[in-house]
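Text of the file target_29.csv, holding CSV, C-alpha atoms:
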```
chain,number,residue,atom,x,y,z
A,1,MET,CA,171.6,17.3,154.8
A,2,SER,CA,170.0,14.2,153.2
A,3,LEU,CA,166.4,14.2,152.1
A,4,THR,CA,165.6,11.7,154.7
A,5,ALA,CA,166.7,14.0,157.5
A,6,VAL,CA,164.4,15.9,159.8
A,7,GLY,CA,162.9,19.3,158.7
A,8,ARG,CA,162.8,18.6,155.0
A,9,SER,CA,160.0,18.2,152.5
A,10,ILE,CA,159.7,16.7,149.1
A,11,ASP,CA,157.8,18.3,146.2
A,12,VAL,CA,155.2,15.8,144.8
A,13,GLY,CA,154.0,18.2,142.1
A,14,LEU,CA,154.3,17.4,138.4
A,15,ALA,CA,155.1,20.3,136.1
A,16,ALA,CA,154.0,18.7,132.9
A,17,ASP,CA,150.4,18.2,131.9
A,18,PRO,CA,150.1,14.8,130.1
A,19,ALA,CA,146.6,15.6,128.8
A,20,THR,CA,147.8,18.5,126.7
A,21,CYS,CA,150.6,16.2,125.4
A,22,VAL,CA,148.1,13.6,124.3
A,23,SER,CA,146.0,16.3,122.6
A,24,THR,CA,149.1,17.6,120.7
A,25,SER,CA,150.2,14.1,119.9
A,26,THR,CA,146.9,13.4,118.2
A,27,ALA,CA,147.1,16.6,116.2
A,28,LEU,CA,150.7,15.8,115.1
A,29,ALA,CA,149.5,12.3,114.0
A,30,ALA,CA,146.8,13.9,111.9
A,31,LEU,CA,149.4,16.2,110.3
A,32,ALA,CA,151.6,13.2,109.6
A,33,GLU,CA,148.7,11.3,108.0
A,34,THR,CA,147.8,14.4,105.9
A,35,CYS,CA,151.4,14.8,104.7
A,36,GLU,CA,151.7,11.1,103.9
A,37,ARG,CA,148.4,11.2,101.9
A,38,ALA,CA,149.6,14.3,100.0
A,39,ALA,CA,152.8,12.5,99.2
A,40,LEU,CA,150.8,9.6,97.7
A,41,VAL,CA,148.8,12.0,95.6
A,42,LEU,CA,151.9,13.8,94.4
A,43,GLY,CA,153.6,10.5,93.7
A,44,ARG,CA,150.8,9.5,91.5
A,45,HIS,CA,151.0,12.9,89.7
A,46,ALA,CA,154.7,12.3,89.1
A,47,GLN,CA,153.9,9.2,87.1
A,48,LEU,CA,151.8,11.1,84.5
A,49,ASP,CA,153.0,9.7,81.2
A,50,GLU,CA,154.0,11.4,78.0
A,51,ALA,CA,150.6,10.6,76.4
A,52,ALA,CA,148.9,12.8,79.1
A,53,PHE,CA,151.5,15.5,79.6
A,54,GLY,CA,154.5,15.4,77.3
A,55,GLY,CA,157.3,17.8,76.4
A,56,LEU,CA,159.6,19.8,78.7
A,57,SER,CA,156.6,21.1,80.8
A,58,GLY,CA,155.6,17.5,81.5
A,59,ILE,CA,159.2,16.7,82.6
A,60,VAL,CA,159.3,19.8,84.9
A,61,TYR,CA,155.8,19.0,86.3
A,62,ARG,CA,156.9,15.4,87.1
A,63,THR,CA,160.1,16.6,88.6
A,64,SER,CA,158.3,19.2,90.7
A,65,SER,CA,155.7,16.7,91.8
A,66,THR,CA,158.5,14.2,92.8
A,67,LEU,CA,160.3,16.9,94.8
A,68,LEU,CA,157.1,17.8,96.6
A,69,GLU,CA,156.3,14.2,97.2
A,70,GLN,CA,159.7,13.8,99.0
A,71,ALA,CA,159.1,17.0,101.0
A,72,CYS,CA,155.7,15.8,102.1
A,73,GLY,CA,157.2,12.5,103.1
A,74,ARG,CA,160.0,14.1,105.2
A,75,THR,CA,157.5,16.4,106.9
A,76,GLY,CA,155.1,13.5,107.5
A,77,ARG,CA,157.9,11.4,109.1
A,78,ARG,CA,159.0,14.3,111.3
A,79,SER,CA,155.5,14.9,112.5
A,80,HIS,CA,154.9,11.2,113.0
A,81,ARG,CA,158.1,10.9,115.1
A,82,LEU,CA,157.1,13.9,117.3
A,83,ALA,CA,153.6,12.4,117.7
A,84,GLU,CA,155.0,9.1,118.9
A,85,GLY,CA,157.6,10.8,121.1
A,86,LEU,CA,155.0,13.0,122.7
A,87,ALA,CA,152.6,10.1,123.2
A,88,ALA,CA,155.4,8.2,125.0
A,89,TYR,CA,156.2,11.3,127.0
A,90,ALA,CA,152.5,11.7,128.1
A,91,GLN,CA,152.4,8.0,129.0
A,92,GLY,CA,155.6,8.3,131.0
A,93,MET,CA,154.5,11.4,132.9
A,94,THR,CA,151.2,9.7,133.7
A,95,GLU,CA,153.2,6.9,135.3
A,96,VAL,CA,155.3,9.5,137.2
A,97,ARG,CA,152.1,11.1,138.5
A,98,ARG,CA,150.9,7.7,139.6
A,99,ARG,CA,154.1,7.0,141.5
A,100,LEU,CA,154.1,10.4,143.1
A,101,ASP,CA,150.5,9.7,144.2
A,102,GLU,CA,151.7,6.5,145.7
A,103,ALA,CA,154.3,8.4,147.7
A,104,VAL,CA,151.6,10.7,149.0
A,105,ALA,CA,149.3,7.7,149.8
A,106,ALA,CA,152.2,6.0,151.7
A,107,ALA,CA,152.9,9.1,153.7
A,108,ALA,CA,149.4,10.5,154.2
A,109,PRO,CA,148.3,8.4,157.3
A,110,HIS,CA,151.5,9.3,159.2
A,111,LEU,CA,152.9,12.6,157.9
A,112,HIS,CA,151.9,16.1,157.1
A,113,VAL,CA,151.0,16.5,153.4
A,114,ALA,CA,150.3,20.0,152.3
A,115,GLY,CA,150.8,22.3,149.4
A,116,GLY,CA,151.9,19.6,147.1
A,117,ARG,CA,154.7,18.6,149.5
A,118,ILE,CA,155.3,15.8,152.0
A,119,TRP,CA,156.9,17.1,155.2
A,120,SER,CA,159.3,15.1,157.2
A,121,PRO,CA,158.4,13.9,160.8
A,122,LEU,CA,160.4,14.0,163.9
A,123,ARG,CA,163.1,11.4,164.4
A,124,PRO,CA,162.2,8.8,167.1
A,125,ALA,CA,163.8,9.7,170.4
A,126,GLY,CA,164.3,6.4,172.3
A,127,ALA,CA,163.0,2.9,172.6
A,128,ASN,CA,161.0,3.2,175.8
A,129,ASP,CA,159.0,6.3,175.0
A,130,PRO,CA,155.2,5.3,174.4
A,131,ALA,CA,155.1,7.9,171.7
A,132,ASP,CA,157.9,6.2,169.9
A,133,ALA,CA,155.8,3.6,168.1
A,134,VAL,CA,153.8,6.4,166.5
A,135,THR,CA,156.9,8.4,165.6
A,136,ALA,CA,158.6,5.3,164.3
A,137,GLN,CA,155.7,4.7,162.0
A,138,GLY,CA,155.9,8.2,160.7
A,139,TRP,CA,159.7,7.9,160.3
A,140,ALA,CA,159.3,4.7,158.3
A,141,ALA,CA,156.5,6.2,156.2
A,142,TRP,CA,158.8,9.2,155.5
A,143,HIS,CA,161.6,7.0,154.2
A,144,ASP,CA,159.1,5.0,152.2
A,145,ALA,CA,157.7,8.1,150.6
A,146,VAL,CA,161.1,9.5,149.8
A,147,ASP,CA,162.1,6.2,148.1
A,148,ARG,CA,159.0,6.2,146.0
A,149,TRP,CA,159.6,9.9,145.3
A,150,ARG,CA,163.1,9.2,144.1
A,151,ALA,CA,162.0,6.4,141.8
A,152,ALA,CA,159.3,8.7,140.4
A,153,ARG,CA,161.8,11.6,139.8
A,154,ASP,CA,164.3,9.2,138.2
A,155,LEU,CA,161.6,8.0,135.8
A,156,GLU,CA,160.6,11.6,135.1
A,157,GLY,CA,164.2,12.4,134.2
A,158,GLN,CA,164.4,9.4,131.8
A,159,VAL,CA,161.1,10.3,130.2
A,160,ALA,CA,162.2,13.9,129.7
A,161,GLN,CA,165.6,12.8,128.3
A,162,GLU,CA,163.8,10.6,125.8
A,163,TRP,CA,161.6,13.5,124.7
A,164,VAL,CA,164.6,15.7,124.3
A,165,ARG,CA,166.2,13.1,122.1
A,166,VAL,CA,163.1,13.1,119.9
A,167,LEU,CA,163.1,16.9,119.8
A,168,ASP,CA,166.7,16.7,118.6
A,169,ARG,CA,167.5,20.1,120.1
A,170,PRO,CA,170.1,21.2,122.7
A,171,VAL,CA,168.5,21.6,126.2
A,172,GLN,CA,170.2,22.7,129.4
A,173,PHE,CA,168.9,20.6,132.2
A,174,GLU,CA,168.9,22.1,135.7
A,175,SER,CA,170.3,20.1,138.7
A,176,ALA,CA,168.0,17.3,139.7
A,177,ASP,CA,167.4,17.9,143.4
A,178,ARG,CA,164.0,19.5,144.0
B,1,MET,CA,156.2,19.7,67.4
B,2,THR,CA,153.2,18.8,69.4
B,3,ILE,CA,152.8,18.2,73.1
B,4,ALA,CA,150.4,15.6,74.4
B,5,VAL,CA,148.2,17.1,77.1
B,6,ASP,CA,145.2,15.5,78.9
B,7,VAL,CA,143.6,18.8,79.9
B,8,ASP,CA,140.9,17.2,82.0
B,9,LEU,CA,143.3,15.1,83.9
B,10,LEU,CA,145.6,18.0,84.6
B,11,ARG,CA,142.6,20.0,85.9
B,12,GLN,CA,141.9,17.1,88.2
B,13,HIS,CA,145.5,17.3,89.3
B,14,ARG,CA,145.2,21.0,90.1
B,15,LEU,CA,142.1,20.5,92.2
B,16,ALA,CA,143.7,17.6,94.0
B,17,LEU,CA,146.8,19.7,94.7
B,18,LEU,CA,144.7,22.6,96.1
B,19,ALA,CA,142.8,20.1,98.3
B,20,GLU,CA,146.0,18.6,99.7
B,21,ALA,CA,147.5,22.1,100.3
B,22,ASP,CA,144.4,23.2,102.2
B,23,GLU,CA,144.4,20.0,104.3
B,24,VAL,CA,148.1,20.3,105.1
B,25,GLU,CA,147.6,23.9,106.1
B,26,ARG,CA,144.6,23.1,108.2
B,27,CYS,CA,146.6,20.6,110.3
B,28,SER,CA,149.8,22.6,110.3
B,29,THR,CA,149.6,24.3,113.7
B,30,PRO,CA,149.0,21.9,116.6
B,31,ASP,CA,148.6,23.5,120.1
B,32,PRO,CA,151.9,23.3,122.0
B,33,PRO,CA,151.9,20.8,124.9
B,34,ASP,CA,152.7,21.6,128.5
B,35,THR,CA,155.9,19.7,129.1
B,36,GLY,CA,156.9,21.4,132.2
B,37,PRO,CA,160.5,22.7,132.0
B,38,LEU,CA,160.6,21.5,128.4
B,39,THR,CA,157.6,23.6,127.3
B,40,ALA,CA,159.6,26.3,125.5
B,41,VAL,CA,161.9,23.9,123.6
B,42,SER,CA,158.9,21.7,122.7
B,43,ALA,CA,157.0,24.7,121.4
B,44,GLU,CA,160.1,25.7,119.4
B,45,ALA,CA,160.3,22.3,117.8
B,46,LEU,CA,156.6,22.3,117.0
B,47,ASP,CA,156.8,25.8,115.6
B,48,GLY,CA,159.6,24.6,113.3
B,49,LEU,CA,157.4,21.8,112.1
B,50,SER,CA,154.5,24.2,111.6
B,51,GLN,CA,156.5,26.5,109.5
B,52,ARG,CA,157.8,23.6,107.4
B,53,ALA,CA,154.2,22.3,106.9
B,54,GLU,CA,153.0,25.8,105.9
B,55,ARG,CA,155.8,26.2,103.4
B,56,LEU,CA,155.0,22.8,102.0
B,57,ALA,CA,151.3,23.8,101.6
B,58,GLY,CA,152.4,27.0,99.9
B,59,HIS,CA,154.6,25.1,97.4
B,60,VAL,CA,151.9,22.6,96.6
B,61,ARG,CA,149.6,25.6,96.0
B,62,GLU,CA,152.3,27.2,93.8
B,63,LEU,CA,152.5,24.1,91.7
B,64,ALA,CA,148.7,24.1,91.3
B,65,ASP,CA,148.8,27.8,90.3
B,66,ALA,CA,151.6,27.0,87.8
B,67,LEU,CA,149.5,24.2,86.4
B,68,GLU,CA,146.5,26.6,86.1
B,69,ARG,CA,148.5,29.2,84.2
B,70,TRP,CA,149.9,26.5,82.0
B,71,LEU,CA,146.5,25.2,81.2
B,72,GLY,CA,145.3,28.7,80.4
B,73,VAL,CA,148.0,29.1,77.8
B,74,ALA,CA,147.4,25.6,76.5
B,75,ARG,CA,143.7,26.3,76.0
B,76,ALA,CA,144.4,29.5,74.2
B,77,THR,CA,146.9,27.9,71.8
B,78,ASP,CA,144.9,24.8,71.5
B,79,GLY,CA,147.6,22.4,70.5
B,80,GLU,CA,149.7,24.6,68.4
B,81,VAL,CA,153.4,24.2,68.1
B,82,GLY,CA,155.5,25.7,70.8
B,83,LEU,CA,153.3,25.6,73.8
B,84,GLY,CA,155.0,27.3,76.7
B,85,LEU,CA,157.7,24.7,77.3
B,86,ASP,CA,159.1,26.6,80.3
B,87,LEU,CA,155.9,27.8,81.8
B,88,LEU,CA,156.4,25.7,84.8
B,89,THR,CA,159.0,27.9,86.2
B,90,ALA,CA,162.4,27.3,87.6
B,91,GLN,CA,161.0,28.2,91.0
B,92,VAL,CA,158.7,25.2,90.9
B,93,LEU,CA,161.5,23.0,89.7
B,94,ALA,CA,163.6,24.1,92.6
B,95,LEU,CA,161.0,23.1,95.2
```
For the file at hand, write its structure as structure tokens.
Amino acid sequence: MSLTAVGRSIDVGLAADPATCVSTSTALAALAETCERAALVLGRHAQLDEAAFGGLSGIVYRTSSTLLEQACGRTGRRSHRLAEGLAAYAQGMTEVRRRLDEAVAAAAPHLHVAGGRIWSPLRPAGANDPADAVTAQGWAAWHDAVDRWRAARDLEGQVAQEWVRVLDRPVQFESADR
Amino acid sequence: MTIAVDVDLLRQHRLALLAEADEVERCSTPDPPDTGPLTAVSAEALDGLSQRAERLAGHVRELADALERWLGVARATDGEVGLGLDLLTAQVLAL
């Protein structure tokens, strides 16, 4: 049975919480900035010349500082990438929420909206029934809401896929129909 | 054989290293976000990054400690021949 058939409902809930994503993204950006600043400090230390710290110890110190500078740079870049990815995810999910709210707004005057779901109306029976105009409006609103819901869920899928790409980890997605 | 050492400068380096290590550690554990069905995998990725940042802070602190030990010996020998050439350990070199 298709989603636009009678006796169905669509879930207009959003599982993710964009606000927590923004908060974590900000924290990740701070970590990235800290690592990048540490890399700069270590890079300066690595340039200590023979007049200030000569001999084998100086060489070892400069080498160690360089290795740590590189490690700080790598960690900073990873954190920066996650911060940007999560900020984009939060923005995308906020847009998904907006589109789901649009679906609710389109349906609300004509349909039953409850428990985070929009419930389908009855199909119009015939052209001459006085009740048909009302039912037809509900039927059209249902289809409109479903179209908006589909677009929102498509976007949600794209946003999630992009975040998974940034995470760079294997993820098993469940089947899309909710 | 003599080794040139700017003790004051190296002390400043040590303090700077400790400050950076503290700051990296302070920022190393962001709260995991609620990403719906991806919450677990997101937390896992962030946990990996946190561990990496904490290890990094630890290594920076180790370098500062090695520098402190080296400066202690340098102060004791006060410019004599053969200052501990290998006092910055292979562990630090391998970071």
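Coordinates place CA of Asp144 in chain A at a distance of 12.0 Å from CA of Arg99 in chain A.
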What's the 7 Å shell around range 32-43 of chain A, counting all atoms listed in the file, without same-chain residues fewer than 3 positions away, as an MDAnalysis selection string? (chainID A and resid 28:29 46:47 65:66 68:69 72:73 75:77 79:80) or (chainID B and resid 20 23:24)
Identify all chain A residues at most 6 Å from chain B by counting all atoms listed in the file; ligands do not count. Present them as a VMD selection string. chain A and resid 15 to 17 20 to 21 24 27 31 34 38 51 to 57 64
Provide the CA of Arg62 in chain A to CA of Leu48 in chain A distance in Å, to one decimal place.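 So the two atoms, CA of Arg62 in chain A and CA of Leu48 in chain A, lie 7.2 Å apart.
With CA of Ile118 in chain A on one side and CA of Ala151 in chain A on the other, the separation reads 15.4 Å.
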